[in-house]
Protein chains: 2
Amino acid sequence: MSDRPNVLWIMADQLRFDYLSCYGHPHLHTPHIDALAARGVRFTNAYVQSPVCGPSRMSAYTGRYVRSHGSTWNGMPLRIGEPTLGDHLRDAGARAVLIGKTHMIADREGMAWLGIDPASEIGVRRSECGFEPFERDDGLHPDSARQKWSAYDDYLVSHGYDSANPWEDFANSGLDENAELMSAWLLKNSRLPANVPEEHSETAYMTNRAMDFMTDAARDGRPWLCHLSYIKPHWPYIVPAPYHAKYDESHIADPIRSAAERDTDHPLLRAYQSSRVSQSFSRDHVRTHVIPAYMGLIKQLDDNLGRLFAWMDAQGHSNNTIVVFCSDHGDYMGDHWLGDKDFYHDVAAKVPMIIADPRPAADSTRGLVSDALVEMIDVAPTAMAALGCPPKPHIIEGRDLTPILHGTNGFSRRYAISEHDYHWSEMARALNVPQEDAHTTMIFDGRWKYIRCEGFDPILFDLQTDPLELSDLGRSDTAEHADVRARMQAALLTWGLRHHTRITATPAVLAGQQTAATEGILIGFWDEAEFEAETGFPFTDLTPAGRP
Amino acid sequence: MSDRPNVLWIMADQLRFDYLSCYGHPHLHTPHIDALAARGVRFTNAYVQSPVCGPSRMSAYTGRYVRSHGSTWNGMPLRIGEPTLGDHLRDAGARAVLIGKTHMIADREGMAWLGIDPASEIGVRRSECGFEPFERDDGLHPDSARQKWSAYDDYLVSHGYDSANPWEDFANSGLDENAELMSAWLLKNSRLPANVPEEHSETAYMTNRAMDFMTDAARDGRPWLCHLSYIKPHWPYIVPAPYHAKYDESHIADPIRSAAERDTDHPLLRAYQSSRVSQSFSRDHVRTHVIPAYMGLIKQLDDNLGRLFAWMDAQGHSNNTIVVFCSDHGDYMGDHWLGDKDFYHDVAAKVPMIIADPRPAADSTRGLVSDALVEMIDVAPTAMAALGCPPKPHIIEGRDLTPILHGTNGFSRRYAISEHDYHWSEMARALNVPQEDAHTTMIFDGRWKYIRCEGFDPILFDLQTDPLELSDLGRSDTAEHADVRARMQAALLTWGLRHHTRITATPAVLAGQQTAATEGILIGFWDEAEFEAETGFPFTDLTPAGRP
């Protein structure tokens with residue numbers, strides 16, 4: 001194999017860390033993802049930088065925290081001046097290619113202001129988080145003004161699934177006993193088989209497109225990173241046969257929740273619990289009806305990854321391709337009396353993260369389970385290192401995971417950070433929180449998870465004594481754990497005031513700024529004697545020719 | 001006059017707030033600046049966002065804090081994606097024109113990466129903080145590799161001052177009794193008359209260029225903001241006759257310093273005091289020798305502004321031009337045993353700020369002295385309002401001062417912030433502070449000035465009981481003022497975690513993100529009945545045609 005491997009970065013959407021057998025799910029067997037873990041490193045403390053698609057992905061694709069790139073919520077354009085992984089890799093002569101979802105919205109205003117044509121090569125890249133789009137599909141095409149016709153829609157039509165919105169009518173709807181079209185936007189329809197055979201589902205289609213890309217890329221010859229980004233198991237929760245019938249109530253783990261949680265007097269937590277999706281998933285009949293479909297979607301994904309990995313083996317790609325598997329955030333599914341995501345319990349903010357590196361240097365770590373505190377923004381610098389891109393610590397805030405993959409020292413992190421901007425939400429409206437203040441920040445040190453809620457008490461969990469995060473120790477009116485709260489708040493202040501935007505000067509440039517005195521900028525010298533005594537050369541030599 | 005006045009934004013460099021007679025200097029009479037204050041509002045609590053040229057100016061020109069624009073030190077390029085006042089004004093059909101210094105360095109790497117030609121109209125603007133350069137001169141052309149030939153050099157040569165570096169040999173050197181050229185880079189030469197007559201000095205030249213611009217602009221007809229940016233009284237400290245001889249030791253105020261300050265055990269303050277420039281200006285003979293030249297430079301500036309204002313009156317510009325006068329930071333001149341700037345005592349971080357608005361709405365405030373807590377970043381939104389540019393609160397962090405200028409309510413600020421990145425300095429090297437940690441942040445509420453020093457105790461001054469800032473109350477090992485320190489630290493955390501980079505979504509766009517449910521993204525609805533009960537319309541109507 002070459003010493004400059006390619007990177008296949010697989011991302012599932014809304015996949016909980018604990019819904020894979022290698023992460024301990026008792027009934028959901030995912031042998032192909034487990035096999036990937038067996039030949040790589042499986043991380044048990046991987047956190048996303050925001051518990052929601054858009055900002056989590058913008059952090060993944062820039063290697064930077066949400067407060068740094070500024071795209072704090074879904075649909076908020078990534079500013080034109082924000083460098084991405086794709087830009088760094090291109091500088092190093094590698095390709096960065098997208099297949100599937102990014103949730104990116106182009107900064108049209110920024111492009112106009114800098115005279116960049118959105119249709120130009122640079123404009124197209126800027127519209128795709130710096131990726132070269134081989135196949136772009138954000139995978140949400142509701143039957144509305146938001147609908148965008150996708151290549152997958154064309155594919156469905158070409159296979160006879162004709163409608164004004166094939167994505168919705170076939171891939172994301174089911175048929176009832178009267179062959180009536182039932183929308184998977186309604187949870188009660190989750191258990192119907194999707195109105196499309198598995199081989200024509202979106203998951204299967206994207207898997208095929210990844211094979212198409214690798215075949216093309218082998219001809220092209222340039223090293224590459226391919227971001228294979230599946231929309232599922234994200235809602236709408238519906239899966240084709242036979243996966244719709246693989247699981248039932250008997251396969252569902254009990255909800256992670258307590259009566260005490262429900263009685264919380266924390267205004268923000270109460271507002272989250274009162275949101276419609278939380279109310280809905282707090283009803284047992286909803287959980288037990290929907291979770292089997294969610295499990296089916298994950299099982300289908302695992303089978304497709306098995307198909308992909310087998311093909312890569314047969315084509316000789318596996319021995320030269322680092323495979324990263326992760327998701328962009330989890331799904332509460334009623335745990336903690338909450339639904340969807342948007343907050344920081346492990347089921348939402350912690351994700352599966354598996355990296356299998358075929359290089360001999362990684363032989364000593366195959367099957368390793370690492371509890372190192374890692375962040376989604378670590379994937380970008382790890383891929384940069386693998387593809388021969390020099391580190392850019394002035395831009396990239398994540399940390400290269402290669403030392404862990406190769407069993408060497410050199411990786412450390414004291415705190416993981418995640419951020420959420422809830423200006424858009426029922427919670428902000430219910431509590432009358434202004435746009436500017438509707439944000440929360442999680443800082444986690446491996447034991448203590450401290451959640452700052454602007455304008456409210458913090459929330460604090462001790463994962464050592466309370467791994468399920470059932471009791472909040474954050475109340476400011478109790479002396480207990482005041483020391484922990486103070487330490488975590490101090491750490492958050494240090495992190496918050498760090499340089500998140502000082503991206504135009506490398507460490508070498510910064511170091512170079514210490515030399516002004518030898519460039520004729522002389523500050524505070526009284527006379528020639530003082531100058532000579534301090535600098536070691538005569539003032540008369542201070543000429544362009546004579547200057548040291 | 002038109003209801004859309006022009007704006008002349010005059011900035012001096014390194015001018016202390018207290019070296020003008022309207023700000024109380026006993027011996028330095030500045031009648032023309034005083035007259036501007038008499039017809040406008042004079043601010044006595046105006047703070048810069050960094051106590052050093054480059055970052056202070058990048059904040060002034062973007063209306064954003066240093067942590068937001070990321071240009072944290074001199075010579076650090078302003079990132080290509082950072083919007084500036086000039087961009088906003090152009091959107092509103094006004095010109096933003098530069099005459100003199102910005103300290104801007106172009107982000108060449110960013111331009112290359114976005115395919116922007118530095119020589120194109122957009123490239124040139126991006127290289128000048130968004131200004132249209134009528135005359136660009138950063139006013140520092142040491143005899144070194146850094147030297148750049150300027151239009152002012154051409155001007156000097158055209159008037160017979162011929163040399164390889166006319167800026168240094170004539171404008172910034174003097175002649176001793178033997179007609180020997182003596183460099184003003186050495187402080188001992190500060191009292192010599194500059195080797196150029198006053199009418200050909202840089203200050204006079206830039207004043208003339210402002211007249212040239214206003215004459216051209218009157219023909220052009222578009223409304224404008226002109227940034228007239230003088231390099232003086234910034235070092236090299238030397239001034240042409242007769243100003244070199246106007247002041248002597250008898251005109252110098254006593255230094256603001258105490259023995260207790262010199263004995264501080266704060267490591268960072270000690271390191272500042274130990275720097276060469278501080279050691280130098282802590283010597284009385286240096287202060288008494290240099291300050292008269294500094295005063296002469298200010299007196300010369302005032303006379304040139306008198307000449308400019310008289311010309312504007314004669315040409316009819318005054319009644320349609322808002323005049324802003326300020327500086328980018330102060331100068332310690334040995335106060336607090338410190339030299340140059342780079343820290344937060346009022347003599348360095350507080351600046352003169354005078355705004356004279358000719359509009360009738362401002363008649364009620366002529367001569368007003370305002371102690372409102374204002375920041376340099378407030379000038380940009382004030383100019384935007386005057387020139388008819390809609391506010392951009394998602395980008396601009398400063399606050400429109402028009403309510404103060406027009407005697408109405410609507411301006412308020414609880415805290416002023418200033419930041420400094422000292423990675424480049426002797427202090428960082430002496431204390432072995434890594435690049436990432438070498439930063440300080442000031443937060444001031446009008447009474448308490450709290451200075452966070454990463455890795456060290458904070459520094460705290462009570463300006464109510466200690467207006468000269470002689471006693472530091474920041475020691476963390478004393479209970480006294482612990483409550484104040486805790487409150488200021490909490491305020492700093494709130495500020496630090498605010499959205500400083502969420503610039504791609506206006507408040508209206510943010511508000512619009514609350515409507516997903518009506519666009520077909522349905523989260524958590526169990527069935528049609530639940531949907532209809534909550535949304536008020538039948539699920540069957542949820543079609544592109546039928547959707548409300």
# chains A, B, ... in the order shown; residues from 1 in each chain; ligands from 1

$ residues_around --residues "B:Glu375" --least-positions-apart "6" --cutoff "7 Å" --atoms "only C-alpha atoms" --output "compact mmCIF listing (two decimals) with N, CA, C and O atoms, in the first residue's frame"
# COMPACT_ATOMS: atom_id res chain seq x y z
N ALA B 46 -14.30 56.96 26.51
CA ALA B 46 -14.22 56.26 25.23
C ALA B 46 -13.02 55.31 25.27
O ALA B 46 -11.89 55.74 25.52
N TYR B 47 -13.27 54.04 25.03
CA TYR B 47 -12.21 53.03 25.12
C TYR B 47 -12.00 52.35 23.77
O TYR B 47 -12.94 52.10 23.02
N VAL B 48 -10.72 52.06 23.48
CA VAL B 48 -10.39 51.33 22.26
C VAL B 48 -10.47 49.83 22.54
O VAL B 48 -10.34 49.40 23.68
N ALA B 416 -17.35 48.01 28.87
CA ALA B 416 -16.45 48.21 27.72
C ALA B 416 -15.37 47.13 27.78
O ALA B 416 -14.95 46.72 28.86

$ closest_atom_pairs --of "chain A" --to "chain B" --cutoff "7 Å" --atoms "only C-alpha atoms" --output "JSON lines"
{"residue": "A:Arg67", "atom": "CA", "partner": "B:Thr501", "partner_atom": "CA", "distance": 6.5}
{"residue": "A:Ser68", "atom": "CA", "partner": "B:Thr501", "partner_atom": "CA", "distance": 6.6}
{"residue": "A:His69", "atom": "CA", "partner": "B:Thr501", "partner_atom": "CA", "distance": 6.7}
{"residue": "A:Gly70", "atom": "CA", "partner": "B:Arg502", "partner_atom": "CA", "distance": 4.3}
{"residue": "A:Ser71", "atom": "CA", "partner": "B:Arg502", "partner_atom": "CA", "distance": 6.2}
{"residue": "A:Thr72", "atom": "CA", "partner": "B:Arg502", "partner_atom": "CA", "distance": 6.8}
{"residue": "A:Met76", "atom": "CA", "partner": "B:Ala505", "partner_atom": "CA", "distance": 6.3}
{"residue": "A:Pro77", "atom": "CA", "partner": "B:Thr504", "partner_atom": "CA", "distance": 5.9}
{"residue": "A:Arg79", "atom": "CA", "partner": "B:Thr504", "partner_atom": "CA", "distance": 6.2}
{"residue": "A:Ile80", "atom": "CA", "partner": "B:Gly81", "partner_atom": "CA", "distance": 5.9}
{"residue": "A:Gly81", "atom": "CA", "partner": "B:Gly81", "partner_atom": "CA", "distance": 3.9}
{"residue": "A:Leu114", "atom": "CA", "partner": "B:Ile122", "partner_atom": "CA", "distance": 6.6}
{"residue": "A:Ile122", "atom": "CA", "partner": "B:Leu114", "partner_atom": "CA", "distance": 6.6}
{"residue": "A:Pro142", "atom": "CA", "partner": "B:Gly520", "partner_atom": "CA", "distance": 5.2}
{"residue": "A:Asp143", "atom": "CA", "partner": "B:Gly520", "partner_atom": "CA", "distance": 6.1}
{"residue": "A:Ser144", "atom": "CA", "partner": "B:Pro544", "partner_atom": "CA", "distance": 4.8}
{"residue": "A:Ala145", "atom": "CA", "partner": "B:Pro544", "partner_atom": "CA", "distance": 6.4}
{"residue": "A:Arg146", "atom": "CA", "partner": "B:Glu519", "partner_atom": "CA", "distance": 6.6}
{"residue": "A:Trp185", "atom": "CA", "partner": "B:Leu522", "partner_atom": "CA", "distance": 5.8}
{"residue": "A:Leu186", "atom": "CA", "partner": "B:Trp526", "partner_atom": "CA", "distance": 5.3}
{"residue": "A:Leu187", "atom": "CA", "partner": "B:Trp526", "partner_atom": "CA", "distance": 4.7}
{"residue": "A:Lys188", "atom": "CA", "partner": "B:Trp526", "partner_atom": "CA", "distance": 5.3}
{"residue": "A:Arg276", "atom": "CA", "partner": "B:Gly524", "partner_atom": "CA", "distance": 6.5}
{"residue": "A:Val277", "atom": "CA", "partner": "B:Gly524", "partner_atom": "CA", "distance": 4.4}
{"residue": "A:Ser280", "atom": "CA", "partner": "B:Gly524", "partner_atom": "CA", "distance": 5.8}
{"residue": "A:Trp424", "atom": "CA", "partner": "B:Gln514", "partner_atom": "CA", "distance": 4.9}
{"residue": "A:Ser425", "atom": "CA", "partner": "B:Gln514", "partner_atom": "CA", "distance": 6.3}
{"residue": "A:Leu493", "atom": "CA", "partner": "B:Leu493", "partner_atom": "CA", "distance": 5.5}
{"residue": "A:Gly496", "atom": "CA", "partner": "B:Gly496", "partner_atom": "CA", "distance": 5.6}
{"residue": "A:Leu497", "atom": "CA", "partner": "B:Gly496", "partner_atom": "CA", "distance": 5.9}
{"residue": "A:His499", "atom": "CA", "partner": "B:Arg67", "partner_atom": "CA", "distance": 6.8}
{"residue": "A:Thr501", "atom": "CA", "partner": "B:Gly70", "partner_atom": "CA", "distance": 4.5}
{"residue": "A:Arg502", "atom": "CA", "partner": "B:Gly70", "partner_atom": "CA", "distance": 4.4}
{"residue": "A:Ile503", "atom": "CA", "partner": "B:Gly70", "partner_atom": "CA", "distance": 7.0}
{"residue": "A:Thr504", "atom": "CA", "partner": "B:Pro77", "partner_atom": "CA", "distance": 5.9}
{"residue": "A:Ala505", "atom": "CA", "partner": "B:Met76", "partner_atom": "CA", "distance": 6.2}
{"residue": "A:Leu510", "atom": "CA", "partner": "B:Trp424", "partner_atom": "CA", "distance": 6.6}
{"residue": "A:Ala511", "atom": "CA", "partner": "B:Trp424", "partner_atom": "CA", "distance": 6.6}
{"residue": "A:Gln513", "atom": "CA", "partner": "B:Trp424", "partner_atom": "CA", "distance": 5.5}
{"residue": "A:Gln514", "atom": "CA", "partner": "B:Trp424", "partner_atom": "CA", "distance": 4.9}
{"residue": "A:Glu519", "atom": "CA", "partner": "B:Ser144", "partner_atom": "CA", "distance": 5.8}
{"residue": "A:Gly520", "atom": "CA", "partner": "B:Pro142", "partner_atom": "CA", "distance": 5.3}
{"residue": "A:Ile521", "atom": "CA", "partner": "B:Pro142", "partner_atom": "CA", "distance": 6.3}
{"residue": "A:Leu522", "atom": "CA", "partner": "B:Trp185", "partner_atom": "CA", "distance": 5.8}
{"residue": "A:Ile523", "atom": "CA", "partner": "B:Val277", "partner_atom": "CA", "distance": 6.2}
{"residue": "A:Gly524", "atom": "CA", "partner": "B:Val277", "partner_atom": "CA", "distance": 4.4}
{"residue": "A:Phe525", "atom": "CA", "partner": "B:Leu186", "partner_atom": "CA", "distance": 5.5}
{"residue": "A:Trp526", "atom": "CA", "partner": "B:Leu187", "partner_atom": "CA", "distance": 4.7}
{"residue": "A:Asp527", "atom": "CA", "partner": "B:Leu186", "partner_atom": "CA", "distance": 5.4}
{"residue": "A:Thr543", "atom": "CA", "partner": "B:Asp143", "partner_atom": "CA", "distance": 6.2}
{"residue": "A:Pro544", "atom": "CA", "partner": "B:Ser144", "partner_atom": "CA", "distance": 4.8}

$ atom_distance --atom1 "atom CA of B:Ala94" --atom2 "atom CA of B:Gly130"
12.5 Å

$ closest_residue --among "A:Ala533, A:Arg414, A:Glu249, A:Ala430" --to "A:Met488" --atoms "only C-alpha atoms"
A:Arg414

$ select_by_dssp --residues "stretch 273-344 of chain A" --states "strand (DSSP E or B)" --output "mmCIF file with C-alpha atoms, in the first residue's frame"
data_model
loop_
_atom_site.group_PDB
_atom_site.id
_atom_site.type_symbol
_atom_site.label_atom_id
_atom_site.label_comp_id
_atom_site.auth_asym_id
_atom_site.auth_seq_id
_atom_site.Cartn_x
_atom_site.Cartn_y
_atom_site.Cartn_z
ATOM 1 C CA THR A 321 -8.100 3.313 2.688
ATOM 2 C CA ILE A 322 -8.506 4.612 6.214
ATOM 3 C CA VAL A 323 -12.170 4.177 7.149
ATOM 4 C CA VAL A 324 -13.788 6.543 9.655
ATOM 5 C CA PHE A 325 -17.295 5.752 10.893
ATOM 6 C CA CYS A 326 -19.273 8.195 13.063
ATOM 7 C CA SER A 327 -22.548 10.079 13.287
#

$ select_by_dssp --residues "stretch 184-292 of chain A" --states "helix (DSSP H, G or I)" --output "ChimeraX atom specification"
/A:187-189,198-200,202-220,243-245,249-251,259-262,267-274,276-281,284-292

$ write_last_selection --atoms "C-alpha atoms" --output "CSV table (one decimal), in the first residue's frame"
chain,number,residue,atom,x,y,z
A,187,LEU,CA,-44.9,8.5,13.6
A,188,LYS,CA,-47.8,6.1,13.6
A,189,ASN,CA,-46.7,5.0,10.1
A,198,GLU,CA,-34.4,-2.0,-0.2
A,199,GLU,CA,-32.1,-2.1,-3.3
A,200,HIS,CA,-33.6,1.2,-4.4
A,202,GLU,CA,-31.6,6.0,-0.4
A,203,THR,CA,-29.1,4.1,1.8
A,204,ALA,CA,-28.5,1.5,-0.9
A,205,TYR,CA,-28.3,4.3,-3.6
A,206,MET,CA,-25.6,6.3,-1.7
A,207,THR,CA,-23.6,3.1,-1.1
A,208,ASN,CA,-23.6,2.4,-4.8
A,209,ARG,CA,-22.5,6.0,-5.5
A,210,ALA,CA,-19.5,5.5,-3.2
A,211,MET,CA,-18.5,2.5,-5.3
A,212,ASP,CA,-18.9,4.6,-8.4
A,213,PHE,CA,-16.7,7.3,-6.9
A,214,MET,CA,-13.9,4.9,-5.9
A,215,THR,CA,-13.9,3.4,-9.3
A,216,ASP,CA,-13.6,6.8,-10.9
A,217,ALA,CA,-11.0,7.9,-8.4
A,218,ALA,CA,-8.8,4.9,-9.1
A,219,ARG,CA,-8.6,6.0,-12.7
A,220,ASP,CA,-7.9,9.6,-11.6
A,243,TYR,CA,-36.0,-4.4,7.9
A,244,HIS,CA,-39.4,-2.9,8.9
A,245,ALA,CA,-40.2,-6.3,10.5
A,249,GLU,CA,-41.1,-4.2,21.4
A,250,SER,CA,-39.2,-7.1,22.8
A,251,HIS,CA,-35.9,-5.7,21.4
A,259,ALA,CA,-39.3,10.6,38.0
A,260,ALA,CA,-36.9,13.1,39.6
A,261,GLU,CA,-35.8,14.3,36.1
A,262,ARG,CA,-39.4,14.9,35.2
A,267,PRO,CA,-36.7,26.4,33.5
A,268,LEU,CA,-34.8,25.4,30.4
A,269,LEU,CA,-35.0,21.6,31.0
A,270,ARG,CA,-38.7,22.0,31.7
A,271,ALA,CA,-39.1,23.9,28.5
A,272,TYR,CA,-37.3,21.2,26.6
A,273,GLN,CA,-39.5,18.5,28.2
A,274,SER,CA,-42.6,20.5,27.2
A,276,ARG,CA,-43.9,18.7,21.3
A,277,VAL,CA,-41.3,16.2,20.2
A,278,SER,CA,-40.3,15.6,23.8
A,279,GLN,CA,-43.9,15.2,24.9
A,280,SER,CA,-44.4,12.8,22.0
A,281,PHE,CA,-41.5,10.5,22.7
A,284,ASP,CA,-44.3,4.8,25.7
A,285,HIS,CA,-46.5,3.8,22.8
A,286,VAL,CA,-44.6,6.2,20.6
A,287,ARG,CA,-41.1,4.9,21.7
A,288,THR,CA,-42.1,1.3,21.3
A,289,HIS,CA,-43.6,2.0,17.9
A,290,VAL,CA,-40.8,4.1,16.4
A,291,ILE,CA,-37.7,2.5,17.9
A,292,PRO,CA,-38.0,-0.8,16.0

$ residues_around --residues "A:His25" --least-positions-apart "2" --cutoff "12 Å" --atoms "only C-alpha atoms" --output "ChimeraX atom specification"
/A:16-23,27-31,34,251-254,295,298-299

$ residues_around --residues "A:Ser412" --least-positions-apart "3" --cutoff "12 Å" --atoms "only C-alpha atoms" --output "PyMOL selection string"
chain A and resi 371-375+378+398-404+408-409+415-416+445-446

$ write_last_selection --atoms "all heavy atoms" --output "compact mmCIF listing (two decimals), in the first residue's frame"
# COMPACT_ATOMS: atom_id res chain seq x y z
N ASP A 371 -10.86 5.14 25.53
CA ASP A 371 -11.76 6.05 26.25
C ASP A 371 -11.20 7.48 26.25
O ASP A 371 -11.62 8.32 27.05
CB ASP A 371 -12.00 5.56 27.68
CG ASP A 371 -10.71 5.55 28.50
OD1 ASP A 371 -9.64 5.89 27.95
OD2 ASP A 371 -10.78 5.19 29.69
N ALA A 372 -10.26 7.74 25.35
CA ALA A 372 -9.72 9.10 25.24
C ALA A 372 -10.87 10.06 24.93
O ALA A 372 -11.82 9.71 24.23
CB ALA A 372 -8.66 9.18 24.15
N LEU A 373 -10.77 11.25 25.46
CA LEU A 373 -11.79 12.28 25.24
C LEU A 373 -11.53 12.92 23.88
O LEU A 373 -10.59 13.68 23.71
CB LEU A 373 -11.71 13.32 26.36
CG LEU A 373 -12.86 14.30 26.52
CD1 LEU A 373 -14.20 13.59 26.65
CD2 LEU A 373 -12.60 15.18 27.74
N VAL A 374 -12.33 12.52 22.90
CA VAL A 374 -12.12 13.05 21.55
C VAL A 374 -13.34 13.84 21.08
O VAL A 374 -14.44 13.73 21.64
CB VAL A 374 -11.79 11.91 20.54
CG1 VAL A 374 -10.59 11.11 21.01
CG2 VAL A 374 -12.99 11.00 20.34
N GLU A 375 -13.11 14.65 20.07
CA GLU A 375 -14.17 15.50 19.53
C GLU A 375 -14.28 15.26 18.02
O GLU A 375 -13.32 14.85 17.38
CB GLU A 375 -13.85 16.98 19.80
CG GLU A 375 -13.81 17.34 21.29
CD GLU A 375 -13.49 18.82 21.52
OE1 GLU A 375 -12.65 19.39 20.79
OE2 GLU A 375 -14.09 19.41 22.44
N ASP A 378 -11.69 16.41 15.63
CA ASP A 378 -10.40 15.73 15.52
C ASP A 378 -10.26 14.95 14.21
O ASP A 378 -9.14 14.59 13.82
CB ASP A 378 -10.21 14.76 16.70
CG ASP A 378 -10.19 15.48 18.04
OD1 ASP A 378 -9.93 16.70 18.07
OD2 ASP A 378 -10.48 14.81 19.07
N GLY A 398 -9.28 21.09 16.18
CA GLY A 398 -9.27 19.68 16.55
C GLY A 398 -7.84 19.17 16.68
O GLY A 398 -6.89 19.90 16.36
N ARG A 399 -7.71 17.92 17.16
CA ARG A 399 -6.37 17.36 17.40
C ARG A 399 -6.20 16.05 16.64
O ARG A 399 -7.10 15.22 16.62
CB ARG A 399 -6.16 17.15 18.89
CG ARG A 399 -6.36 18.45 19.65
CD ARG A 399 -6.18 18.34 21.14
NE ARG A 399 -6.64 19.60 21.74
CZ ARG A 399 -6.52 19.90 23.04
NH1 ARG A 399 -5.96 19.04 23.86
NH2 ARG A 399 -6.96 21.06 23.49
N ASP A 400 -5.06 15.89 16.04
CA ASP A 400 -4.73 14.72 15.25
C ASP A 400 -4.79 13.46 16.12
O ASP A 400 -4.12 13.36 17.15
CB ASP A 400 -3.31 14.92 14.68
CG ASP A 400 -2.86 13.76 13.82
OD1 ASP A 400 -3.65 12.82 13.60
OD2 ASP A 400 -1.70 13.81 13.36
N LEU A 401 -5.62 12.49 15.71
CA LEU A 401 -5.78 11.24 16.47
C LEU A 401 -4.76 10.18 16.09
O LEU A 401 -4.77 9.08 16.67
CB LEU A 401 -7.19 10.69 16.25
CG LEU A 401 -8.35 11.58 16.73
CD1 LEU A 401 -9.69 11.00 16.27
CD2 LEU A 401 -8.33 11.71 18.25
N THR A 402 -3.87 10.48 15.15
CA THR A 402 -2.91 9.47 14.70
C THR A 402 -2.13 8.82 15.83
O THR A 402 -1.94 7.59 15.82
CB THR A 402 -1.95 10.08 13.64
OG1 THR A 402 -2.73 10.69 12.60
CG2 THR A 402 -1.05 9.01 13.04
N PRO A 403 -1.69 9.59 16.85
CA PRO A 403 -0.97 8.93 17.95
C PRO A 403 -1.78 7.80 18.60
O PRO A 403 -1.23 6.74 18.92
CB PRO A 403 -0.72 10.06 18.94
CG PRO A 403 -0.69 11.30 18.10
CD PRO A 403 -1.70 11.05 17.01
N ILE A 404 -3.08 7.99 18.74
CA ILE A 404 -3.90 6.92 19.32
C ILE A 404 -3.99 5.76 18.35
O ILE A 404 -3.82 4.60 18.72
CB ILE A 404 -5.32 7.44 19.67
CG1 ILE A 404 -5.23 8.55 20.72
CG2 ILE A 404 -6.22 6.29 20.13
CD1 ILE A 404 -6.57 9.18 21.06
N THR A 408 1.00 5.46 19.91
CA THR A 408 2.09 6.29 20.44
C THR A 408 1.52 7.38 21.35
O THR A 408 0.30 7.58 21.40
CB THR A 408 2.86 6.98 19.28
OG1 THR A 408 1.93 7.82 18.57
CG2 THR A 408 3.43 5.94 18.33
N ASN A 409 2.40 8.09 22.04
CA ASN A 409 1.93 9.18 22.88
C ASN A 409 1.72 10.43 22.03
O ASN A 409 2.10 10.47 20.87
CB ASN A 409 2.96 9.49 23.97
CG ASN A 409 3.13 8.28 24.89
OD1 ASN A 409 2.17 7.57 25.14
ND2 ASN A 409 4.36 8.05 25.34
N TYR A 415 -10.70 18.82 28.11
CA TYR A 415 -12.12 19.15 28.07
C TYR A 415 -12.68 18.99 26.66
O TYR A 415 -12.02 19.35 25.70
CB TYR A 415 -12.34 20.61 28.50
CG TYR A 415 -11.84 20.94 29.88
CD1 TYR A 415 -10.62 21.59 30.06
CD2 TYR A 415 -12.58 20.61 31.01
CE1 TYR A 415 -10.14 21.91 31.34
CE2 TYR A 415 -12.12 20.93 32.29
CZ TYR A 415 -10.91 21.58 32.44
OH TYR A 415 -10.45 21.88 33.70
N ALA A 416 -13.87 18.44 26.58
CA ALA A 416 -14.61 18.44 25.31
C ALA A 416 -15.69 19.51 25.41
O ALA A 416 -16.27 19.74 26.48
CB ALA A 416 -15.24 17.08 25.06
N ASP A 445 -15.15 16.97 31.22
CA ASP A 445 -13.74 16.62 31.45
C ASP A 445 -13.52 15.11 31.57
O ASP A 445 -12.46 14.67 32.02
CB ASP A 445 -13.23 17.33 32.71
CG ASP A 445 -13.88 16.80 33.99
OD1 ASP A 445 -14.70 15.86 33.90
OD2 ASP A 445 -13.55 17.31 35.08
N GLY A 446 -14.52 14.32 31.17
CA GLY A 446 -14.39 12.87 31.27
C GLY A 446 -15.15 12.34 32.48
O GLY A 446 -15.53 11.16 32.52

$ atom_distance --atom1 "atom CA of A:Tyr450" --atom2 "atom CA of A:Val351"
18.2 Å

$ closest_residue --among "A:Glu135, A:Asp328, A:Asp357, A:Asp169" --to "A:Val7" --atoms "only C-alpha atoms"
A:Asp357
